[in-house]
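> Take this structure, written in structure tokens, and hold onto it; I'll ask about it next.
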Amino acid sequence: MPEPAAGRGGERAGRRAGASPGERGRERAFDVLLWLLLCVPVLLTSDPNDGGSWTRVAVGVVLLAVCTALARRWPVLPLALTVAVSLALAPELFTPSYVPALIAFGALAGRRQDDPRWALGLFAAVPVAGLVLVLASGKALFTWFGLLLSLALAVVAPWLIGRYARQYDRLVRSGWELADRMEREQAAVADRERLRERSRIAGDMHDSLGHDLALLALRAGALELDPALGPEQRRAAGELRRAAADATGRLRDIIGVLREEDDEASVAPVAPPDETVADLVDRARASGMAVTLVDAAEPPAEMTARALRRVVQEGLTNAAKHAPGAPVAVTVERDAALVRVRVTSGPRPASSDGTGRGGDGPGPAGAGAGPGGTSPSGLASGGTGLVGLDERVRLAGGSLRHGPTGEGGFALSAVLPLDPPAPRPAAPRSARELDLARRQVRRGLARAIWIPLALLAALGLLMAGVAVYTQHQTYLEPEDYARIRTGQSRAEIAAHLPDHPLDGRPARVPAEPAGMDECLYYRSELLAALPVYRLCFVDGHLADRAELP
């Protein structure tokens, strides 16, 4: 429900409480200057020396002072008061004393009032009130059209100009606000990018160093079980294995601080950039893992190739941790559009002495685990390794699957596109808001142009229609004119006359004959000012009839 105009000030008035003393001083100076300028026409047109009165001057000066004082808090109210005074002085709304005030307060109402409904309501009420005054005073209907024209040119047009100025200021203000916001957003984006880059580097450190530490623990476990070494050497190898597991746990804790939940694809890897799937398999074999490779050529796209290597690396790391000594098969297949990779590890070999040593494998069961089952792959630490891998595969446009096999082993597989889709960044919010502000200003400008044109066109059509109607009301048929005879009384010829005569003697028509009480003029042709019929009466009887000129 809209608030009343008296309880709702303009937007600028709402900010005056926080204005500085200098701004309030400038506002007061502007208001005083405006009041003095608007008083000049009142003084000139109401000068007592030219037939005016000091009372009208005093009333006008006080009224303009009140309107100027109210123009900031209630912008539409001064316009309504000025319109009311103008209507009281002239039904046409055009008064030399107050036309400048109408223009000024109309522009200020459009500039300062946020809600246009009160102004539009005033614009609709003025023609209705003017029509009532015209009909009550018995003036011609064309007086009302003069009011409409004065309302459109002296009130509505300035109000629309003020609305356009308001929209323009809003666009400029929005532009500066958006520029400031974009600067802050750019700084925030830079900070986020730095944090994201740290997270990416941390993720690659976790993946590559965790993989290497797992292989190191696997090799130390193999040395710990080597019968060719003495007890001291095997004990040192066991300490090395446990130290590698502890280092993996500390690495996981450090990386957990640096990683983010929304980690994206890495663009700054710490692993060797030219390392291939075959290189990963060779390093795993050198560490004692039984790995077979069925390989096709790696995809050319860097994002897909990196995701492929990460899947193989994660699969080998998990196999070294969870199933040391079990055979591992790495398969890479490629067709016209996709590349498929699968890392399958067999079941964990049975323990023969309860220490976790595999009976067939070269490494101990706990080779990749430290205290509490610490995993270099991150699997036993909440699954962050597979979670990050799934995100990397998704960003490359592929899908990841993992789970146990029917033989008791574990399979990790992924399907990746050879040509990953390029990311499509969304438009910044600030850019969308600026575009919205531009569209609002363009709509405001269109309204400021088309509304006055539409009003003038409607007014012109209405005036044309009324002109045709009034001409028909003053048109005397030639047949009826022929039936009228001199000497007839008004009552006898009233049946032949139209409803209304013309308003006074038309221009370029000869003067009336002397001695006549009254002469009436009627149109002899529609849509033409001349010729006319003239009927003159003396003592209520027709004394002269003529067609002029």
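Going by the structure tokens order, chains are called A, B, ..., each with residues numbered from 1, while ligands are numbered from 1 in the order shown.
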Skipping near chain neighbours, those fewer than 6 positions away, what residues fall within 8 Å of region 42-45 of chain A using only C-alpha atoms, listed as a ChimeraX atom specification?

/A:52,57,60-61,96-98

> Could you list, as a PyMOL selection string, every residue within 9 Å of Asp499 (chain A), counting only C-alpha atoms and ignoring same-chain residues fewer than 6 positions away?

chain A and resi 473-475

> Can I get the selected residues back with C-alpha atoms, as a PDB file, in the first residue's frame?


ATOM      1  CA  GLN A 473     -23.440  22.313 -33.272  1.00  0.00           C
ATOM      2  CA  THR A 474     -23.151  25.797 -34.875  1.00  0.00           C
ATOM      3  CA  TYR A 475     -23.983  24.723 -38.451  1.00  0.00           C
TER       4      TYR A 475
END

> So that I can check the surroundings of region 329-340 of chain A, please list as a count of residues only every protein, DNA and RNA residue that reaches within 6 Å of it, counting only C-alpha atoms and ignoring chain neighbours fewer than 4 positions away.

12

> Which residue, A:Thr304, A:Asn318, A:Thr143, A:Gln471, has the smallest gap to Ala90 (chain A) when you use only C-alpha atoms?

A:Thr143

> Rounded to one decimal place, report the CA of His500 (chain A)-CA of Ser150 (chain A) distance in Å.

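Computed distance, CA of His500 (chain A) to CA of Ser150 (chain A), equals 26.6 Å.
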
> Tell me, in Å to one decimal, how far CA of Ala214 (chain A) is from CA of Ser345 (chain A).

15.5 Å

> Please list as a list in words every residue within 8 Å of Arg166 (chain A), counting only C-alpha atoms and excluding residues in the same chain fewer than 5 positions away.

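Counting only the stated atoms, we get Gly110, Arg111 and Arg112 of chain A.
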
> So, counting only C-alpha atoms, which residue among A:Ala188, A:Val172, A:Val40, A:Leu122 is closest to Arg438 (chain A)?

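The closest residue to Arg438 (chain A) is A:Val172.
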
> What gap, in Å, lies between CA of Ala396 (chain A) and CA of Leu280 (chain A)?

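About the pair CA of Ala396 (chain A) and CA of Leu280 (chain A): they are 20.6 Å apart.
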
> Can you list, as a list of chain:residue names, every protein, DNA or RNA residue that comes within 6 Å of Gln113 (chain A) when you count only C-alpha atoms, leaving out same-chain residues fewer than 2 positions away?

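Everything that qualifies: A:Gly10, A:Pro75, A:Ala109, A:Gly110, A:Asp115.
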
> Given only C-alpha atoms as the basis, pick out the residue of A:Ala464, A:Ala236, A:Leu178, A:Met303 nearest to Leu436 (chain A).

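Of A:Ala464, A:Ala236, A:Leu178, A:Met303, the one nearest Leu436 (chain A) is A:Leu178, counting only C-alpha atoms.
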